[in-house]
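Student: After the structure tokens below, expect a handful of questions from me.
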Amino acid sequence: MRIRKLSCLKFTILTGFAIFIVINIKSVGEDEQNLQAEEEHPENGKRNIANLRTKDTDILESVPVQSSQSKEKPDPAESEAADSLAGERINELPNPLSSREDSQVNQSQDKQKSQLSLKDILEKLKEANKAQIIHNESLFGPITNDTIVIVVQVHDRIKYLRHLIKSLSLAAGIDQTLLIFSHDVWDEQLNNLVRSIDFAQVLQIFYPFSLQTHTNTFPGESSRDCPRDAKVHRVISSKCTNSAWPDIHGHYREAKFTQTKHHWWWKANQVFSSLRATKDFTGLFLFLEEDHYVSEDFLHVLKLMSLEKKKSFPEVDILSLGTYLKKFNFRANGKQAEITEWISAKHNMGMAFTRVEWMKMVSCSELFCKYDDYNWDWSLQHVSLNCMQKKLQVMMVKGPRVFHIGECGVHHKKSNCNSKAVSEKVKKIIKSAKTYFFPKNLSVSKSTLKKKPKLKKANGGWGDRRDHQLCTNFTISTRE
């Protein structure tokens, strides 16, 4: 009996060991196949990893944190986001060594550089800006003063732009808008994406003084420019071009940080004063950026806000569809709007205003163009506090209809720069709030600031007189 038991025990152990070996061999084979597939298609491999991380993140974020005594499930539209969708704003000039999200079309641009000369790109920009072709005009035109003109500032993050365009395509009333895309990069992938839009009228314009077209000369960076961190007392004798113009923090200009403000001011001047389609337009202009995302009722809510402004609150200058609040409750705030003093850090997303308000801004162009801050919104804040007869007033919707999905960039620092992860998070918020979309009317209240707004010390990056002059020239050229 003892011999039989030992034999059975040996047989069991050997059988188990054999099964273990077979399973491991199979697993290794699968791993080798996966590795081979990733080597053949490295982009697919990376995408799968990103998707897995997104799923894990979404699962964790979708689990409600409740007390063990609570039995009722909270309304999903009342759930509060743990993190601001805007990310963390960085004050002062960004650290040049800090990581940024890699440009999504850099490879495409590199290919184009070998195919298109600088002269070719400049010629294409000139032709496009002169032609001002409106695509789909025969389908959705003509433009009237009831049309809403949506102006989108585009750099080179094509993944974010795809998300924005997708969200625009789902919006009610989008066929009654004119979409103007203002680019500071000429790229065929971006151009093809924009030209593929078939749900609204589309116009493209191109900022003609970009870093792409001015790589080695102002407003790009020249070899004769002073290094960012050069000491003022040392560069005076070096004869570098801008030695006499450090910023408020003692640093010299960095072209990559000045471009956004230049582009914003040029774009605004173009749509209000130069473009044939809009230079006499008296309706609403809505300003978005490539890394924004809109709800399907954003135009409906914007129209309600505009009606309230005309009917009861003529003192309002800017309508704001976005917010940087970390927490919001759509059930309570889906139809709520608040009037208060415009603050750049709170109300710069999804801004809409008319020519009347623009004329107030442009009348202070000299202060805007010379204020030592590379941010267009901080510069506009300075104008509001120091130039205008009355400070800018804003009507802000408490349940946001424009979201920021660009987690990484000049002004934000996040470890996860996955555009899909953030856009999925926004989609979940929008889905949970759908019950409260398309309100019949808005409930508008006035709010006074608890503390008098005091603009912090300028962020700098805008001490160079050449930037002041270029910015001023954009204003002059559109008035001619």
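Convention: chains lettered A, B, ... in structure tokens order; per-chain residue numbering from 1; ligands numbered from 1 as shown.
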What's around A:Trp378 at 10 Å? Count only C-alpha atoms, leave out sequence neighbours fewer than 4 positions away in its own chain, and write the answer as a list in words.

Tutor: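 The residues that qualify are Ile343, Ser344, Ala345, Asn348, Phe368, Tyr371, Asp372, Asp373, Tyr374, His382, Val383, Ser384, Leu455, Lys456, Ala458 and Asn459 of chain A.
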
Student: Go ahead and write the selection's residues with all heavy atoms as a compact mmCIF listing (two decimals), in the first residue's frame.

Tutor:
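Saved to again.txt:
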```txt
# COMPACT_ATOMS: atom_id res chain seq x y z
N ILE A 343 -12.29 87.62 -15.21
CA ILE A 343 -10.97 87.28 -14.68
C ILE A 343 -10.31 86.32 -15.66
O ILE A 343 -10.86 85.25 -15.96
CB ILE A 343 -11.06 86.63 -13.29
CG1 ILE A 343 -11.80 87.54 -12.31
CG2 ILE A 343 -9.67 86.30 -12.76
CD1 ILE A 343 -11.11 88.86 -12.02
N SER A 344 -9.14 86.66 -16.14
CA SER A 344 -8.52 85.89 -17.22
C SER A 344 -8.33 84.42 -16.87
O SER A 344 -8.57 83.54 -17.69
CB SER A 344 -7.17 86.50 -17.59
OG SER A 344 -6.26 86.46 -16.50
N ALA A 345 -7.93 84.12 -15.65
CA ALA A 345 -7.64 82.74 -15.26
C ALA A 345 -8.90 81.90 -15.12
O ALA A 345 -8.82 80.67 -15.09
CB ALA A 345 -6.86 82.72 -13.95
N ASN A 348 -11.43 82.54 -19.62
CA ASN A 348 -10.79 82.69 -20.94
C ASN A 348 -11.11 81.56 -21.90
O ASN A 348 -10.58 81.51 -23.01
CB ASN A 348 -9.27 82.82 -20.79
CG ASN A 348 -8.63 81.54 -20.26
OD1 ASN A 348 -9.32 80.55 -19.97
ND2 ASN A 348 -7.31 81.54 -20.10
N PHE A 368 -2.07 96.54 -24.63
CA PHE A 368 -2.06 95.09 -24.83
C PHE A 368 -0.72 94.65 -25.43
O PHE A 368 -0.12 93.67 -24.98
CB PHE A 368 -3.21 94.69 -25.76
CG PHE A 368 -3.27 93.22 -26.08
CD1 PHE A 368 -4.04 92.37 -25.31
CD2 PHE A 368 -2.56 92.69 -27.15
CE1 PHE A 368 -4.10 91.00 -25.60
CE2 PHE A 368 -2.61 91.33 -27.45
CZ PHE A 368 -3.37 90.49 -26.67
N TYR A 371 2.43 95.24 -22.87
CA TYR A 371 2.43 94.67 -21.53
C TYR A 371 3.33 93.45 -21.50
O TYR A 371 3.22 92.55 -22.34
CB TYR A 371 1.01 94.29 -21.11
CG TYR A 371 0.90 93.75 -19.71
CD1 TYR A 371 1.35 94.49 -18.62
CD2 TYR A 371 0.36 92.49 -19.48
CE1 TYR A 371 1.26 93.99 -17.33
CE2 TYR A 371 0.26 91.98 -18.19
CZ TYR A 371 0.71 92.74 -17.12
OH TYR A 371 0.62 92.24 -15.85
N ASP A 372 4.22 93.40 -20.51
CA ASP A 372 5.26 92.36 -20.46
C ASP A 372 4.71 91.03 -19.95
O ASP A 372 5.02 90.57 -18.86
CB ASP A 372 6.41 92.83 -19.57
CG ASP A 372 7.64 91.91 -19.68
OD1 ASP A 372 7.58 90.94 -20.47
OD2 ASP A 372 8.63 92.16 -18.98
N ASP A 373 3.85 90.42 -20.77
CA ASP A 373 3.32 89.09 -20.46
C ASP A 373 3.05 88.38 -21.77
O ASP A 373 2.37 88.91 -22.65
CB ASP A 373 2.03 89.20 -19.64
CG ASP A 373 1.68 87.88 -18.95
OD1 ASP A 373 1.61 86.85 -19.65
OD2 ASP A 373 1.49 87.89 -17.72
N TYR A 374 3.59 87.19 -21.92
CA TYR A 374 3.46 86.45 -23.18
C TYR A 374 2.09 85.82 -23.35
O TYR A 374 1.77 85.24 -24.39
CB TYR A 374 4.54 85.36 -23.26
CG TYR A 374 4.32 84.20 -22.32
CD1 TYR A 374 3.81 82.99 -22.78
CD2 TYR A 374 4.60 84.31 -20.96
CE1 TYR A 374 3.60 81.93 -21.93
CE2 TYR A 374 4.41 83.27 -20.10
CZ TYR A 374 3.89 82.06 -20.58
OH TYR A 374 3.67 81.02 -19.72
N HIS A 382 -4.96 92.89 -17.98
CA HIS A 382 -4.27 94.16 -17.67
C HIS A 382 -4.99 95.33 -18.36
O HIS A 382 -5.16 96.40 -17.76
CB HIS A 382 -2.82 94.07 -18.15
CG HIS A 382 -2.00 95.29 -17.83
ND1 HIS A 382 -1.61 95.61 -16.56
CD2 HIS A 382 -1.51 96.27 -18.64
CE1 HIS A 382 -0.90 96.73 -16.58
NE2 HIS A 382 -0.83 97.15 -17.83
N VAL A 383 -5.43 95.11 -19.58
CA VAL A 383 -6.16 96.13 -20.32
C VAL A 383 -7.48 96.46 -19.62
O VAL A 383 -7.85 97.63 -19.47
CB VAL A 383 -6.44 95.65 -21.77
CG1 VAL A 383 -7.52 96.48 -22.43
CG2 VAL A 383 -5.16 95.70 -22.59
N SER A 384 -8.17 95.41 -19.17
CA SER A 384 -9.45 95.60 -18.49
C SER A 384 -9.30 96.44 -17.23
O SER A 384 -10.12 97.32 -16.94
CB SER A 384 -10.07 94.25 -18.14
OG SER A 384 -11.25 94.39 -17.36
N LEU A 455 -4.12 92.07 -10.30
CA LEU A 455 -3.31 91.31 -11.24
C LEU A 455 -1.94 91.04 -10.65
O LEU A 455 -1.27 91.96 -10.17
CB LEU A 455 -3.17 92.06 -12.56
CG LEU A 455 -2.56 91.28 -13.73
CD1 LEU A 455 -3.46 90.12 -14.11
CD2 LEU A 455 -2.36 92.19 -14.93
N LYS A 456 -1.56 89.79 -10.65
CA LYS A 456 -0.24 89.43 -10.13
C LYS A 456 0.84 89.99 -11.04
O LYS A 456 0.57 90.48 -12.13
CB LYS A 456 -0.12 87.91 -10.04
CG LYS A 456 -1.08 87.27 -9.06
CD LYS A 456 -0.90 85.76 -9.04
CE LYS A 456 -1.87 85.10 -8.07
NZ LYS A 456 -1.73 83.63 -8.07
N ALA A 458 3.41 90.48 -13.75
CA ALA A 458 3.38 89.94 -15.12
C ALA A 458 4.30 88.74 -15.24
O ALA A 458 5.34 88.63 -14.58
CB ALA A 458 3.80 91.03 -16.10
N ASN A 459 3.91 87.81 -16.14
CA ASN A 459 4.69 86.59 -16.34
C ASN A 459 5.95 86.81 -17.16
O ASN A 459 6.80 85.93 -17.25
CB ASN A 459 3.82 85.53 -17.02
CG ASN A 459 2.74 85.01 -16.11
OD1 ASN A 459 3.02 84.45 -15.06
ND2 ASN A 459 1.49 85.22 -16.50
```

Student: Ranking A:Leu286, A:Ala131, A:Val356, A:Leu168 by minimum distance to A:Gly322 and counting only C-alpha atoms, which one comes first?

Tutor: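 Closest candidate: A:Leu286.
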
Student: Taking only C-alpha atoms into account, which of A:Val232, A:Ala433, A:Ile405, A:Ile180 comes nearest A:Ile197?

Tutor: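 Looking at the shortest contact to A:Ile197, the residue is A:Ile180.
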
Student: Taking only C-alpha atoms into account, which of A:Ile134, A:Leu470, A:Ala337, A:Leu380 comes nearest A:Asn441?

Tutor: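 So, comparing all the options, the nearest one is A:Ala337.
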
Student: DSSP on the backbone: which residues in stretch 90-327 of chain A end up as strand (DSSP E or B)? Give the answer as a count of residues only.

Tutor: 34

Student: For a test of reading the model, state the distance in Å between atom CA of A:Gln176 and atom CA of A:Phe403, rounded to one decimal.

Tutor: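 A separation of 21.6 Å between them.
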
Student: Given the choices A:Thr323, A:Ser432, A:Asn386, A:Ser295, which gets closest to A:Ser169 if the distance is worked out from only C-alpha atoms?

Tutor: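 Between A:Thr323, A:Ser432, A:Asn386, A:Ser295, the residue approaching A:Ser169 most closely is A:Ser295.
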
Student: Quick one: pull the distance between atom CA of A:Ala255 and atom CA of A:Asp467, Å, one decimal.

Tutor: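 Between these atoms lies a distance of 9.6 Å.
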
Student: Extract, using only C-alpha atoms, all DNA, RNA and protein residues at most 8 Å from A:Pro208, discarding same-chain residues fewer than 3 positions from it, and format them as a PyMOL selection string.

Tutor: chain A and resi 122+125-126+184+213

Student: Which neighbours of A:Val152 fall inside 8 Å, counting only C-alpha atoms, when residues of the same chain fewer than 2 positions from it are skipped, and could you give them as a list in words?

Tutor: Ile150, Val154, Leu179, Ile180, Phe181, Ser182, Phe287, Leu288, Glu289 and Glu290 of chain A

Student: Have a look at A:Ala171, A:Val235, A:Leu392, A:Leu275 and name the one nearest to A:Val301; count only C-alpha atoms.

Tutor: A:Ala171

Student: Just the number, please: distance in Å from atom CA of A:Ser445 to atom CA of A:Asn329, one decimal.

Tutor: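 Spanning atom CA of A:Ser445 to atom CA of A:Asn329 is a straight-line distance of 16.6 Å.
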
Student: Taking the DSSP assignment computed from this structure's backbone, write out as a ChimeraX atom specification all residues of stretch 201-307 of chain A that belong to alpha helix (DSSP H).

Tutor: /A:232-235,255-273,298-307

Student: Generate a file of the selected residues that holds N, CA, C and O atoms, formatted as a tab-separated table (two decimals), in the first residue's frame.

Tutor:
```tsv
chain	number	residue	atom	x	y	z
A	232	VAL	N	22.20	90.50	-17.85
A	232	VAL	CA	22.06	91.77	-18.56
A	232	VAL	C	23.39	92.53	-18.62
A	232	VAL	O	23.78	93.04	-19.68
A	233	HIS	N	24.09	92.58	-17.49
A	233	HIS	CA	25.32	93.37	-17.46
A	233	HIS	C	26.43	92.76	-18.33
A	233	HIS	O	27.39	93.44	-18.69
A	234	ARG	N	26.28	91.49	-18.68
A	234	ARG	CA	27.30	90.84	-19.52
A	234	ARG	C	26.99	90.94	-21.00
A	234	ARG	O	27.90	90.93	-21.83
A	235	VAL	N	25.67	90.98	-21.35
A	235	VAL	CA	25.32	90.96	-22.77
A	235	VAL	C	25.36	92.34	-23.42
A	235	VAL	O	25.34	92.45	-24.65
A	255	ALA	N	11.12	82.67	-28.59
A	255	ALA	CA	10.14	82.77	-29.68
A	255	ALA	C	8.97	81.81	-29.50
A	255	ALA	O	7.82	82.16	-29.80
A	256	LYS	N	9.24	80.61	-29.00
A	256	LYS	CA	8.18	79.61	-28.89
A	256	LYS	C	7.09	80.03	-27.91
A	256	LYS	O	5.97	79.53	-27.98
A	257	PHE	N	7.41	80.95	-26.99
A	257	PHE	CA	6.40	81.41	-26.05
A	257	PHE	C	5.72	82.70	-26.50
A	257	PHE	O	4.65	83.04	-26.01
A	258	THR	N	6.33	83.42	-27.42
A	258	THR	CA	5.72	84.67	-27.88
A	258	THR	C	4.68	84.45	-28.98
A	258	THR	O	3.80	85.28	-29.18
A	259	GLN	N	4.78	83.32	-29.66
A	259	GLN	CA	3.96	83.12	-30.85
A	259	GLN	C	2.47	83.11	-30.54
A	259	GLN	O	1.67	83.65	-31.32
A	260	THR	N	2.06	82.51	-29.42
A	260	THR	CA	0.63	82.36	-29.14
A	260	THR	C	-0.07	83.71	-29.01
A	260	THR	O	-1.16	83.92	-29.54
A	261	LYS	N	0.56	84.64	-28.30
A	261	LYS	CA	-0.04	85.97	-28.14
A	261	LYS	C	-0.08	86.70	-29.47
A	261	LYS	O	-1.10	87.32	-29.82
A	262	HIS	N	0.99	86.63	-30.24
A	262	HIS	CA	1.00	87.25	-31.58
A	262	HIS	C	-0.12	86.68	-32.43
A	262	HIS	O	-0.86	87.42	-33.09
A	263	HIS	N	-0.23	85.35	-32.43
A	263	HIS	CA	-1.23	84.69	-33.27
A	263	HIS	C	-2.64	85.09	-32.85
A	263	HIS	O	-3.49	85.37	-33.69
A	264	TRP	N	-2.88	85.13	-31.53
A	264	TRP	CA	-4.22	85.46	-31.05
A	264	TRP	C	-4.62	86.87	-31.49
A	264	TRP	O	-5.73	87.09	-31.97
A	265	TRP	N	-3.70	87.84	-31.37
A	265	TRP	CA	-4.01	89.23	-31.71
A	265	TRP	C	-4.17	89.39	-33.22
A	265	TRP	O	-5.07	90.09	-33.68
A	266	TRP	N	-3.30	88.74	-33.98
A	266	TRP	CA	-3.40	88.79	-35.44
A	266	TRP	C	-4.73	88.21	-35.90
A	266	TRP	O	-5.44	88.80	-36.71
A	267	LYS	N	-5.09	87.05	-35.36
A	267	LYS	CA	-6.33	86.34	-35.73
A	267	LYS	C	-7.56	87.20	-35.43
A	267	LYS	O	-8.46	87.34	-36.27
A	268	ALA	N	-7.59	87.79	-34.22
A	268	ALA	CA	-8.73	88.61	-33.84
A	268	ALA	C	-8.87	89.82	-34.76
A	268	ALA	O	-9.98	90.16	-35.21
A	269	ASN	N	-7.76	90.46	-35.07
A	269	ASN	CA	-7.79	91.60	-35.99
A	269	ASN	C	-8.25	91.19	-37.38
A	269	ASN	O	-8.98	91.93	-38.05
A	270	GLN	N	-7.82	90.03	-37.81
A	270	GLN	CA	-8.22	89.55	-39.14
A	270	GLN	C	-9.72	89.32	-39.23
A	270	GLN	O	-10.37	89.77	-40.18
A	271	VAL	N	-10.29	88.61	-38.27
A	271	VAL	CA	-11.72	88.25	-38.38
A	271	VAL	C	-12.62	89.47	-38.19
A	271	VAL	O	-13.69	89.57	-38.79
A	272	PHE	N	-12.18	90.45	-37.40
A	272	PHE	CA	-13.01	91.62	-37.18
A	272	PHE	C	-12.82	92.71	-38.24
A	272	PHE	O	-13.74	93.46	-38.52
A	273	SER	N	-11.63	92.77	-38.83
A	273	SER	CA	-11.34	93.93	-39.66
A	273	SER	C	-10.87	93.64	-41.07
A	273	SER	O	-10.74	94.57	-41.86
A	298	PHE	N	-24.03	73.35	-26.89
A	298	PHE	CA	-23.27	74.57	-26.60
A	298	PHE	C	-23.80	75.77	-27.38
A	298	PHE	O	-23.83	76.89	-26.87
A	299	LEU	N	-24.25	75.57	-28.61
A	299	LEU	CA	-24.80	76.68	-29.40
A	299	LEU	C	-26.16	77.12	-28.87
A	299	LEU	O	-26.47	78.32	-28.82
A	300	HIS	N	-26.95	76.17	-28.44
A	300	HIS	CA	-28.26	76.46	-27.85
A	300	HIS	C	-28.09	77.34	-26.60
A	300	HIS	O	-28.77	78.36	-26.45
A	301	VAL	N	-27.15	76.95	-25.73
A	301	VAL	CA	-26.91	77.71	-24.50
A	301	VAL	C	-26.33	79.08	-24.82
A	301	VAL	O	-26.69	80.09	-24.20
A	302	LEU	N	-25.44	79.14	-25.80
A	302	LEU	CA	-24.85	80.42	-26.19
A	302	LEU	C	-25.92	81.40	-26.67
A	302	LEU	O	-25.90	82.59	-26.34
A	303	LYS	N	-26.88	80.91	-27.43
A	303	LYS	CA	-27.97	81.76	-27.90
A	303	LYS	C	-28.84	82.26	-26.75
A	303	LYS	O	-29.29	83.41	-26.74
A	304	LEU	N	-29.09	81.37	-25.77
A	304	LEU	CA	-29.85	81.79	-24.59
A	304	LEU	C	-29.11	82.88	-23.83
A	304	LEU	O	-29.72	83.86	-23.37
A	305	MET	N	-27.79	82.73	-23.70
A	305	MET	CA	-26.99	83.74	-23.01
A	305	MET	C	-27.03	85.07	-23.76
A	305	MET	O	-27.16	86.14	-23.15
A	306	SER	N	-26.95	85.00	-25.08
A	306	SER	CA	-26.98	86.21	-25.89
A	306	SER	C	-28.33	86.92	-25.75
A	306	SER	O	-28.39	88.16	-25.67
A	307	LEU	N	-29.42	86.16	-25.70
A	307	LEU	CA	-30.75	86.74	-25.52
A	307	LEU	C	-30.88	87.44	-24.17
A	307	LEU	O	-31.45	88.53	-24.06
```

Student: For A:Thr340, please output as an MDAnalysis selection string all residues within 7 Å (counting only C-alpha atoms; exclusion window: fewer than 4 positions along the same chain).

Tutor: chainID A and resid 393:395 446:448
